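Okay, start_9.txt is below, compact mmCIF, C-alpha atoms and all ligand atoms:
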```
# COMPACT_ATOMS: atom_id res chain seq x y z
CA MET G 105 0.00 0.00 0.00
CA SER G 106 1.27 3.47 -0.79
CA LEU G 107 2.74 5.86 1.70
CA ILE G 108 2.11 9.58 1.35
CA VAL G 109 3.99 12.38 3.08
CA THR G 110 3.53 16.09 3.41
CA GLY G 111 5.85 18.55 5.12
CA SER G 112 8.61 20.96 4.30
CA ILE G 113 11.05 20.96 1.42
CA GLY G 114 13.84 23.34 2.27
CA ILE G 115 17.04 24.90 1.10
CA ASP G 116 19.24 24.48 4.18
CA THR G 117 22.50 25.97 5.32
CA VAL G 118 23.97 23.78 8.02
CA ILE G 119 26.96 24.33 10.29
CA THR G 120 28.28 21.46 12.41
CA PRO G 121 31.60 20.90 14.21
CA GLU G 122 32.53 18.86 11.11
CA GLY G 123 31.98 21.64 8.56
CA LYS G 124 29.42 23.71 6.72
CA ALA G 125 27.02 23.01 3.86
CA ASP G 126 25.50 25.95 1.95
CA GLU G 127 22.08 25.94 0.29
CA VAL G 128 21.74 22.17 0.30
CA LEU G 129 18.55 20.18 -0.13
CA GLY G 130 16.68 19.65 3.13
CA GLY G 131 13.23 19.74 4.65
CA SER G 132 11.24 17.35 6.77
CA CYS G 133 9.43 15.54 3.98
CA THR G 134 12.57 15.35 1.85
CA TYR G 135 14.49 13.31 4.42
CA PHE G 136 11.40 11.27 5.23
CA ALA G 137 10.59 10.43 1.61
CA ALA G 138 14.17 9.48 0.74
CA ALA G 139 14.42 7.17 3.78
CA ALA G 140 11.02 5.54 3.17
CA SER G 141 11.85 4.95 -0.50
CA PHE G 142 14.15 2.06 0.49
CA PHE G 143 11.03 0.15 1.62
CA CYS G 144 7.99 1.14 -0.46
CA ASP G 145 6.52 3.55 -3.03
CA VAL G 146 6.42 7.08 -1.69
CA ARG G 147 4.14 9.92 -2.75
CA LEU G 148 4.93 13.48 -1.81
CA VAL G 149 2.69 16.53 -1.47
CA ALA G 150 4.61 19.76 -0.93
CA ALA G 151 5.34 23.14 -2.45
CA VAL G 152 8.58 24.87 -3.38
CA GLY G 153 9.16 28.27 -4.94
CA GLU G 154 10.31 29.20 -8.42
CA ASP G 155 13.85 29.49 -7.03
CA PHE G 156 14.02 25.72 -6.33
CA PRO G 157 16.98 24.40 -8.35
CA ASP G 158 16.44 21.62 -10.88
CA SER G 159 19.43 19.83 -9.34
CA HIS G 160 17.51 19.53 -6.04
CA GLU G 161 14.38 18.36 -7.84
CA ALA G 162 16.42 15.66 -9.56
CA VAL G 163 17.20 14.12 -6.16
CA PHE G 164 13.53 13.14 -5.70
CA LYS G 165 13.67 11.33 -9.04
CA GLN G 166 16.84 9.54 -7.94
CA PHE G 167 14.92 8.08 -4.98
CA LYS G 168 11.99 7.24 -7.31
CA ILE G 169 9.64 9.38 -5.21
CA ASP G 170 6.34 10.18 -6.92
CA THR G 171 6.50 13.97 -7.26
CA SER G 172 3.17 14.53 -9.01
CA GLY G 173 2.10 16.31 -5.81
CA LEU G 174 5.14 18.62 -5.84
CA GLU G 175 4.16 22.13 -6.85
CA LYS G 176 6.76 24.61 -8.08
CA ARG G 177 4.83 27.77 -7.32
CA GLN G 178 5.45 30.77 -9.52
CA GLY G 179 5.93 34.03 -7.60
CA SER G 180 6.85 32.16 -4.38
CA LYS G 181 10.13 31.34 -2.71
CA THR G 182 11.26 28.02 -1.23
CA PHE G 183 11.39 27.55 2.56
CA ARG G 184 14.89 28.27 3.88
CA TRP G 185 16.49 27.21 7.13
CA THR G 186 19.94 27.83 8.63
CA GLY G 187 20.99 25.79 11.64
CA LYS G 188 24.08 25.32 13.75
CA TYR G 189 24.88 22.26 15.86
CA LEU G 190 26.72 22.48 19.14
CA GLU G 191 29.80 20.42 19.97
CA ASN G 192 27.66 17.54 21.32
CA MET G 193 25.94 17.21 17.87
CA ASN G 194 22.62 16.80 19.68
CA ASP G 195 21.58 20.37 20.42
CA ARG G 196 21.13 22.87 17.64
CA GLU G 197 20.28 26.48 17.21
CA THR G 198 18.18 27.87 14.38
CA LEU G 199 20.09 30.88 13.05
CA GLU G 200 17.58 31.88 10.39
CA VAL G 201 14.26 30.66 9.07
CA GLN G 202 12.32 31.99 6.08
CA PRO G 203 8.91 30.25 5.90
CA ASN G 204 8.18 31.62 2.37
CA VAL G 205 5.97 29.10 0.53
CA LEU G 206 5.33 27.14 3.76
CA ALA G 207 3.26 30.07 4.99
CA GLU G 208 1.01 29.84 1.91
CA ALA G 209 -1.70 27.37 0.89
CA LEU G 210 -0.91 23.66 0.67
CA PRO G 211 -0.71 22.28 -2.87
CA PRO G 212 -3.66 20.10 -3.94
CA VAL G 213 -3.50 16.32 -3.43
CA PRO G 214 -3.53 14.60 -6.86
CA ALA G 215 -6.69 12.51 -7.34
CA ASP G 216 -4.72 9.28 -7.79
CA PHE G 217 -3.03 9.78 -4.40
CA ARG G 218 -6.36 9.47 -2.56
CA ASP G 219 -6.01 5.72 -2.05
CA SER G 220 -2.83 6.11 0.06
CA GLY G 221 -3.17 3.81 3.07
CA TYR G 222 -0.27 5.20 5.09
CA VAL G 223 0.01 8.91 5.81
CA PHE G 224 2.90 10.74 7.40
CA LEU G 225 2.48 14.36 8.39
CA ALA G 226 6.10 15.49 8.57
CA ASN G 227 6.99 18.57 10.51
CA THR G 228 5.17 21.67 9.35
CA HIS G 229 2.41 23.92 10.70
CA PRO G 230 -0.26 21.71 12.38
CA ALA G 231 -3.00 23.48 10.40
CA GLY G 232 -1.40 22.23 7.18
CA GLN G 233 -0.99 18.76 8.70
CA MET G 234 -4.68 18.72 9.66
CA GLU G 235 -5.72 19.84 6.18
CA LEU G 236 -3.90 16.90 4.65
CA ARG G 237 -5.04 14.45 7.31
CA GLN G 238 -8.69 15.21 6.58
CA GLN G 239 -8.25 14.20 2.97
CA PHE G 240 -7.50 10.59 3.98
CA PRO G 241 -10.44 9.53 6.17
CA GLU G 242 -9.92 5.84 5.30
CA ALA G 243 -6.15 5.66 5.87
CA LYS G 244 -4.91 2.58 7.72
CA LEU G 245 -2.24 4.51 9.64
CA VAL G 246 -1.72 8.24 10.16
CA VAL G 247 1.39 9.39 12.02
CA ALA G 248 2.64 12.95 12.62
CA ASP G 249 5.82 14.67 13.71
CA THR G 250 6.01 18.11 15.30
CA MET G 251 8.51 20.54 16.83
CA ASP G 252 8.97 23.06 19.64
CA LEU G 253 7.98 25.98 17.39
CA TRP G 254 4.46 24.58 16.87
CA ILE G 255 4.08 23.49 20.49
CA ASP G 256 4.76 27.14 21.40
CA THR G 257 2.95 28.98 18.62
CA ALA G 258 0.17 26.66 17.37
CA ASN G 259 -0.64 24.65 20.48
CA GLU G 260 -4.38 24.64 19.95
CA GLU G 261 -4.11 23.43 16.33
CA LEU G 262 -1.62 20.78 17.46
CA ARG G 263 -3.98 19.54 20.21
CA GLY G 264 -6.73 19.29 17.60
CA LEU G 265 -4.45 17.27 15.32
CA LEU G 266 -3.50 14.85 18.11
CA LYS G 267 -7.14 13.74 18.33
CA GLN G 268 -7.12 12.79 14.64
CA ILE G 269 -3.95 10.71 14.31
CA ASP G 270 -2.85 7.18 15.23
CA GLY G 271 0.73 7.96 16.21
CA LEU G 272 2.99 10.86 17.13
CA VAL G 273 6.78 10.91 16.74
CA LEU G 274 8.67 13.66 18.57
CA ASN G 275 11.90 14.20 20.46
CA ASP G 276 12.37 14.21 24.22
CA SER G 277 12.61 17.98 24.69
CA GLU G 278 9.45 18.43 22.59
CA ALA G 279 7.64 15.79 24.66
CA LYS G 280 8.59 17.66 27.81
CA LEU G 281 7.49 20.99 26.34
CA LEU G 282 4.15 19.51 25.25
CA THR G 283 3.34 17.77 28.52
CA GLY G 284 5.40 19.47 31.24
CA ARG G 285 6.74 15.99 32.20
CA SER G 286 10.46 15.26 32.08
CA ASN G 287 10.09 11.52 32.78
CA HIS G 288 9.72 10.03 29.30
CA VAL G 289 7.19 7.36 30.25
CA ALA G 290 5.03 9.92 32.05
CA ALA G 291 5.32 12.31 29.09
CA ALA G 292 4.33 9.50 26.68
CA GLU G 293 1.32 8.60 28.85
CA ALA G 294 0.24 12.25 28.90
CA ILE G 295 0.48 12.38 25.08
CA ILE G 296 -1.62 9.19 24.72
CA ASP G 297 -4.23 10.95 26.86
CA MET G 298 -4.29 13.72 24.22
CA GLY G 299 -5.43 11.31 21.49
CA PRO G 300 -2.89 9.16 19.60
CA LYS G 301 -2.83 5.36 20.06
CA PHE G 302 0.94 5.32 20.25
CA VAL G 303 3.79 7.74 20.71
CA VAL G 304 7.49 7.47 19.90
CA ILE G 305 9.83 9.71 21.87
CA LYS G 306 13.25 10.03 20.20
CA LYS G 307 16.19 10.68 22.46
CA GLY G 308 18.97 11.34 19.92
CA GLU G 309 22.03 9.26 20.65
CA HIS G 310 20.14 7.69 23.59
CA GLY G 311 17.62 5.87 21.42
CA CYS G 312 13.85 5.93 21.56
CA LEU G 313 10.84 4.97 23.64
CA LEU G 314 7.56 3.66 22.24
CA LEU G 315 4.41 3.70 24.31
CA HIS G 316 1.60 1.70 22.75
CA LYS G 317 -1.66 0.43 24.19
CA GLU G 318 -0.20 -3.10 24.16
CA GLY G 319 3.13 -2.31 25.74
CA VAL G 320 6.25 -0.27 25.99
CA VAL G 321 9.49 -0.65 23.98
CA ALA G 322 12.83 1.06 24.56
CA LEU G 323 15.60 0.80 21.96
CA PRO G 324 19.12 2.24 22.04
CA ALA G 325 20.44 4.24 19.11
CA TYR G 326 22.85 2.53 16.72
CA PRO G 327 26.32 3.20 18.16
CA ALA G 328 27.44 5.56 15.38
CA ARG G 329 31.08 6.50 14.97
CA GLU G 330 30.71 8.85 11.99
CA VAL G 331 28.46 11.84 12.73
CA HIS G 332 28.89 14.72 10.30
CA ASP G 333 25.42 16.27 10.15
CA PRO G 334 22.47 15.23 12.35
CA THR G 335 19.98 17.22 10.22
CA GLY G 336 17.12 15.01 9.17
CA ALA G 337 17.91 12.28 11.70
CA GLY G 338 14.35 12.46 13.04
CA ASP G 339 12.77 12.56 9.60
CA SER G 340 14.86 9.72 8.19
CA TYR G 341 14.06 7.72 11.34
CA ALA G 342 10.36 8.27 10.71
CA GLY G 343 10.84 7.42 7.03
CA GLY G 344 12.47 4.09 7.82
CA MET G 345 9.78 3.34 10.38
CA MET G 346 6.77 4.21 8.20
CA GLY G 347 8.37 2.70 5.09
CA TYR G 348 8.78 -0.62 6.87
CA LEU G 349 5.20 -0.53 8.22
CA ALA G 350 3.70 0.34 4.83
CA ALA G 351 5.71 -2.44 3.13
CA SER G 352 4.79 -5.08 5.72
CA GLY G 353 1.16 -4.02 6.25
CA ASP G 354 1.50 -5.38 9.79
CA LEU G 355 0.62 -2.94 12.55
CA SER G 356 1.14 -5.31 15.50
CA LEU G 357 3.36 -4.18 18.37
CA ALA G 358 6.07 -6.64 17.21
CA SER G 359 6.04 -5.09 13.74
CA ILE G 360 6.13 -1.53 15.11
CA LYS G 361 9.13 -2.57 17.21
CA LYS G 362 10.93 -3.78 14.07
CA SER G 363 9.99 -0.56 12.30
CA LEU G 364 11.66 1.44 15.07
CA ALA G 365 14.85 -0.55 14.55
CA TYR G 366 14.73 0.11 10.79
CA GLY G 367 14.19 3.82 11.49
CA THR G 368 17.18 3.80 13.83
CA ILE G 369 19.36 2.19 11.18
CA VAL G 370 18.37 4.50 8.30
CA ALA G 371 18.93 7.55 10.54
CA SER G 372 22.36 6.21 11.53
CA PHE G 373 23.38 6.29 7.86
CA ASN G 374 21.83 9.69 7.20
CA ILE G 375 23.95 11.45 9.84
CA GLU G 376 27.20 10.21 8.28
CA ALA G 377 27.21 13.04 5.71
CA PHE G 378 25.63 16.46 5.04
CA SER G 379 22.19 16.80 3.46
CA LEU G 380 21.10 13.59 1.67
CA GLU G 381 24.57 12.69 0.46
CA ARG G 382 24.84 9.43 2.41
CA MET G 383 21.34 8.26 1.54
CA LYS G 384 22.07 8.96 -2.14
CA ARG G 385 24.72 6.23 -2.12
CA LEU G 386 22.95 3.92 0.34
CA SER G 387 21.65 0.48 -0.65
CA ARG G 388 18.91 -1.66 0.86
CA LYS G 389 21.54 -4.34 1.48
CA GLU G 390 23.58 -1.96 3.64
CA ILE G 391 20.44 -1.19 5.64
CA ASP G 392 19.63 -4.87 6.10
CA ASP G 393 23.21 -5.77 7.06
CA ARG G 394 23.41 -3.03 9.69
CA TYR G 395 19.92 -3.99 10.92
CA ALA G 396 21.06 -7.60 11.39
CA GLY G 397 24.11 -6.44 13.38
CA PHE G 398 21.90 -4.18 15.51
CA ALA G 399 19.42 -7.02 16.17
CA ASP G 400 22.32 -9.29 17.21
CA MET G 401 23.65 -6.63 19.53
CA LEU G 402 20.26 -6.39 21.24
CA ARG G 403 19.79 -10.14 21.71
CA ILE G 404 20.13 -11.17 25.38
CA ASP G 405 19.73 -14.83 26.30
P1 LIG T 501 15.19 17.17 11.72
O1 LIG T 501 16.69 17.32 11.86
O2 LIG T 501 14.76 15.76 11.50
O3 LIG T 501 14.44 17.87 12.80
O4 LIG T 501 14.78 17.95 10.38
C1 LIG T 501 15.56 18.97 9.81
C2 LIG T 501 14.84 19.58 8.63
O5 LIG T 501 13.67 20.26 9.10
C3 LIG T 501 15.70 20.61 7.92
O6 LIG T 501 16.10 20.09 6.68
C4 LIG T 501 14.82 21.86 7.77
O7 LIG T 501 14.71 22.27 6.44
C5 LIG T 501 13.47 21.43 8.33
N1 LIG T 501 12.87 22.44 9.21
C6 LIG T 501 13.50 23.23 10.11
N2 LIG T 501 12.61 24.07 10.70
C7 LIG T 501 11.39 23.80 10.15
C8 LIG T 501 10.07 24.34 10.31
N3 LIG T 501 9.82 25.33 11.15
N4 LIG T 501 9.07 23.79 9.60
C9 LIG T 501 9.32 22.79 8.75
N5 LIG T 501 10.52 22.26 8.52
C10 LIG T 501 11.56 22.74 9.21
```
Take the structure in this file and express it as C-alpha cells.
Amino acid sequence: MSLIVTGSIGIDTVITPEGKADEVLGGSCTYFAAAASFFCDVRLVAAVGEDFPDSHEAVFKQFKIDTSGLEKRQGSKTFRWTGKYLENMNDRETLEVQPNVLAEALPPVPADFRDSGYVFLANTHPAGQMELRQQFPEAKLVVADTMDLWIDTANEELRGLLKQIDGLVLNDSEAKLLTGRSNHVAAAEAIIDMGPKFVVIKKGEHGCLLLHKEGVVALPAYPAREVHDPTGAGDSYAGGMMGYLAASGDLSLASIKKSLAYGTIVASFNIEAFSLERMKRLSRKEIDDRYAGFADMLRID
C-alpha cells in the first residue's frame, strides 16, 4: 500500500563541528521520503518556490519518489532554514528561518493519491498537517511529527491534530514541552491521553521509547562512529519506520518494534554526511546488514 507524506522541502545551510554546507537540499518531507523509498513507493505533497533548483528536484527522481504532488509555485520562494549544531551534535540552534511558501496554501493532493493507506504528516504547521489528514479519512495509519515551534505557537491546532492521528513521533525535549513531564514514560502517557494510540519519543544518541496500548518498547540508538550532520535524523528515522510498516502491512506491536529498529538504522546512515549525500549512495543491502548487526547486539539470552 502506498505511503504519502507532506511537510517541508527546504534549502538548508547547516553548520556542524565537522563543517558547513550551503544551500543544500533539506526539509522534513525530503528526508522522510528518501528514507522511506528504500522500503515502499512514496508519494509526496509539498510546495517549493520558483527558485528551487532543478538539481535539487532531480534528487527526488533519484529516490523514485512520486513527485506529481510537488508544486513549483510561480511568484513564491522556497522555505529556507539555517541551523548550527553544538559540539555535542545533539543540540542545535536555528540561526535563520524563512517560511516563504510554507506560509502559503498547501498544494492540492492529486486525485490518484487518494487511495494512500499510510500517511505521514512530517513537521510543518499543524494546520497544514490537519488539512492533509482530513483528505484521507480511510487511511490505515496516520502518524505525525512536530517541533517546539508549533508546540509554542500553534498549540491549539496541534492539540486538535493529536485527536485525529494514530501515532505521534517527537523528540524528548518536545515531549517535555508539550506535557510538562520530564520523565519520558510519564510524558508519553500524557500524550496518549491527548489522542494518539501510540507515541514514539526520540532521544537522539540515547535511542527511543515507544508507548503503545499493548506495551512499551525502549531501543538504544545505533552506536554511530561517523556523525557529520544530524539534520534530518528524526525525519529519516520516521521514514524508515513508516516505510517498513507500509511495506509489511503489519501494525502489531512486534512489527512496530521492528519498524523502530529500521528507522534507527536508516537515521544512523543519514547522519554520516551532510544533506542527503549518504542516503544517495545507500543500498537496501547496507540497511539490512546493519539492521542484522543491531538485532544481534540487542539479543540477550
Ligand atoms: P530534523 O533534523 O529531523 O528535525 O529535520 C531537519 C529539517 O527540518 C531541515 O532540513 C529543515 O529544512 C526542516 N525544518 C527546520 N525548521 C522547520 C520548520 N519550522 N518547519 C518545517 N521544517 C523545518
Could you make a table, as JSON lines, of the residues of chain G that have an atom within 10 Å of an atom of ligand LIG 501 (chain T), each with its nearest atom pair and distance in Å to one decimal, counting only C-alpha atoms and all ligand atoms, in chain and number order?
```
{"residue": "G:Gly111", "atom": "CA", "partner": "T:LIG501", "partner_atom": "C9", "distance": 6.6}
{"residue": "G:Ser112", "atom": "CA", "partner": "T:LIG501", "partner_atom": "N5", "distance": 4.8}
{"residue": "G:Ile113", "atom": "CA", "partner": "T:LIG501", "partner_atom": "O7", "distance": 6.3}
{"residue": "G:Gly114", "atom": "CA", "partner": "T:LIG501", "partner_atom": "O7", "distance": 4.4}
{"residue": "G:Ile115", "atom": "CA", "partner": "T:LIG501", "partner_atom": "O7", "distance": 6.4}
{"residue": "G:Asp116", "atom": "CA", "partner": "T:LIG501", "partner_atom": "O7", "distance": 5.5}
{"residue": "G:Thr117", "atom": "CA", "partner": "T:LIG501", "partner_atom": "O7", "distance": 8.7}
{"residue": "G:Val118", "atom": "CA", "partner": "T:LIG501", "partner_atom": "O6", "distance": 8.8}
{"residue": "G:Val128", "atom": "CA", "partner": "T:LIG501", "partner_atom": "O6", "distance": 8.8}
{"residue": "G:Leu129", "atom": "CA", "partner": "T:LIG501", "partner_atom": "O6", "distance": 7.2}
{"residue": "G:Gly130", "atom": "CA", "partner": "T:LIG501", "partner_atom": "O6", "distance": 3.6}
{"residue": "G:Gly131", "atom": "CA", "partner": "T:LIG501", "partner_atom": "O7", "distance": 3.4}
{"residue": "G:Ser132", "atom": "CA", "partner": "T:LIG501", "partner_atom": "O5", "distance": 4.4}
{"residue": "G:Cys133", "atom": "CA", "partner": "T:LIG501", "partner_atom": "O5", "distance": 8.2}
{"residue": "G:Thr134", "atom": "CA", "partner": "T:LIG501", "partner_atom": "O6", "distance": 7.6}
{"residue": "G:Tyr135", "atom": "CA", "partner": "T:LIG501", "partner_atom": "O6", "distance": 7.3}
{"residue": "G:Phe136", "atom": "CA", "partner": "T:LIG501", "partner_atom": "O2", "distance": 8.4}
{"residue": "G:Phe183", "atom": "CA", "partner": "T:LIG501", "partner_atom": "O7", "distance": 7.3}
{"residue": "G:Arg184", "atom": "CA", "partner": "T:LIG501", "partner_atom": "O7", "distance": 6.5}
{"residue": "G:Trp185", "atom": "CA", "partner": "T:LIG501", "partner_atom": "O7", "distance": 5.3}
{"residue": "G:Thr186", "atom": "CA", "partner": "T:LIG501", "partner_atom": "C4", "distance": 7.9}
{"residue": "G:Gly187", "atom": "CA", "partner": "T:LIG501", "partner_atom": "C6", "distance": 8.1}
{"residue": "G:Asn194", "atom": "CA", "partner": "T:LIG501", "partner_atom": "O1", "distance": 9.8}
{"residue": "G:Arg196", "atom": "CA", "partner": "T:LIG501", "partner_atom": "O1", "distance": 9.2}
{"residue": "G:Thr198", "atom": "CA", "partner": "T:LIG501", "partner_atom": "N2", "distance": 7.7}
{"residue": "G:Glu200", "atom": "CA", "partner": "T:LIG501", "partner_atom": "N2", "distance": 9.3}
{"residue": "G:Val201", "atom": "CA", "partner": "T:LIG501", "partner_atom": "N2", "distance": 7.0}
{"residue": "G:Gln202", "atom": "CA", "partner": "T:LIG501", "partner_atom": "N3", "distance": 8.7}
{"residue": "G:Pro203", "atom": "CA", "partner": "T:LIG501", "partner_atom": "N3", "distance": 7.3}
{"residue": "G:Leu206", "atom": "CA", "partner": "T:LIG501", "partner_atom": "N4", "distance": 7.7}
{"residue": "G:Ala207", "atom": "CA", "partner": "T:LIG501", "partner_atom": "N4", "distance": 9.7}
{"residue": "G:Ala226", "atom": "CA", "partner": "T:LIG501", "partner_atom": "C9", "distance": 8.0}
{"residue": "G:Asn227", "atom": "CA", "partner": "T:LIG501", "partner_atom": "C9", "distance": 5.1}
{"residue": "G:Thr228", "atom": "CA", "partner": "T:LIG501", "partner_atom": "C9", "distance": 4.3}
{"residue": "G:His229", "atom": "CA", "partner": "T:LIG501", "partner_atom": "N4", "distance": 6.8}
{"residue": "G:Pro230", "atom": "CA", "partner": "T:LIG501", "partner_atom": "N4", "distance": 10.0}
{"residue": "G:Asp249", "atom": "CA", "partner": "T:LIG501", "partner_atom": "O3", "distance": 9.2}
{"residue": "G:Thr250", "atom": "CA", "partner": "T:LIG501", "partner_atom": "N4", "distance": 8.6}
{"residue": "G:Met251", "atom": "CA", "partner": "T:LIG501", "partner_atom": "N3", "distance": 7.5}
{"residue": "G:Asp252", "atom": "CA", "partner": "T:LIG501", "partner_atom": "N3", "distance": 8.8}
{"residue": "G:Leu253", "atom": "CA", "partner": "T:LIG501", "partner_atom": "N3", "distance": 6.5}
{"residue": "G:Trp254", "atom": "CA", "partner": "T:LIG501", "partner_atom": "N3", "distance": 7.9}
{"residue": "G:Leu274", "atom": "CA", "partner": "T:LIG501", "partner_atom": "O3", "distance": 9.2}
{"residue": "G:Asn275", "atom": "CA", "partner": "T:LIG501", "partner_atom": "O3", "distance": 8.9}
{"residue": "G:Asp333", "atom": "CA", "partner": "T:LIG501", "partner_atom": "O1", "distance": 9.0}
{"residue": "G:Pro334", "atom": "CA", "partner": "T:LIG501", "partner_atom": "O1", "distance": 6.2}
{"residue": "G:Thr335", "atom": "CA", "partner": "T:LIG501", "partner_atom": "O1", "distance": 3.7}
{"residue": "G:Gly336", "atom": "CA", "partner": "T:LIG501", "partner_atom": "O2", "distance": 3.4}
{"residue": "G:Ala337", "atom": "CA", "partner": "T:LIG501", "partner_atom": "O2", "distance": 4.7}
{"residue": "G:Gly338", "atom": "CA", "partner": "T:LIG501", "partner_atom": "O2", "distance": 3.7}
{"residue": "G:Asp339", "atom": "CA", "partner": "T:LIG501", "partner_atom": "O2", "distance": 4.2}
{"residue": "G:Ser340", "atom": "CA", "partner": "T:LIG501", "partner_atom": "O2", "distance": 6.9}
{"residue": "G:Tyr341", "atom": "CA", "partner": "T:LIG501", "partner_atom": "O2", "distance": 8.1}
{"residue": "G:Ala342", "atom": "CA", "partner": "T:LIG501", "partner_atom": "O2", "distance": 8.7}
{"residue": "G:Ala371", "atom": "CA", "partner": "T:LIG501", "partner_atom": "O2", "distance": 9.3}
{"residue": "G:Ile375", "atom": "CA", "partner": "T:LIG501", "partner_atom": "O1", "distance": 9.6}
{"residue": "G:Ser379", "atom": "CA", "partner": "T:LIG501", "partner_atom": "O6", "distance": 7.6}
{"residue": "G:Leu380", "atom": "CA", "partner": "T:LIG501", "partner_atom": "O6", "distance": 9.6}
```
Selected residue, from G:Arg382, G:Asn204, G:Cys312, G:Ile108, that lies nearest to G:Ser363 when counting only C-alpha atoms
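Checking each of G:Arg382, G:Asn204, G:Cys312, G:Ile108 against G:Ser363, counting only C-alpha atoms, the winner is G:Cys312.
Minimum distance to G:Gln178 across G:Leu314, G:Phe398, G:Ala151, G:Gly353 (counting only C-alpha atoms) occurs at G:Ala151.
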If I take atom CA of G:Glu278 and atom CA of G:Leu357, how far is one from the other in Å, to one decimal?
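So the answer is 23.8 Å.
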Separation of atom CA of G:Gly308 and atom CA of G:Ser106, in Å?
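Computed distance, atom CA of G:Gly308 to atom CA of G:Ser106, equals 28.4 Å.
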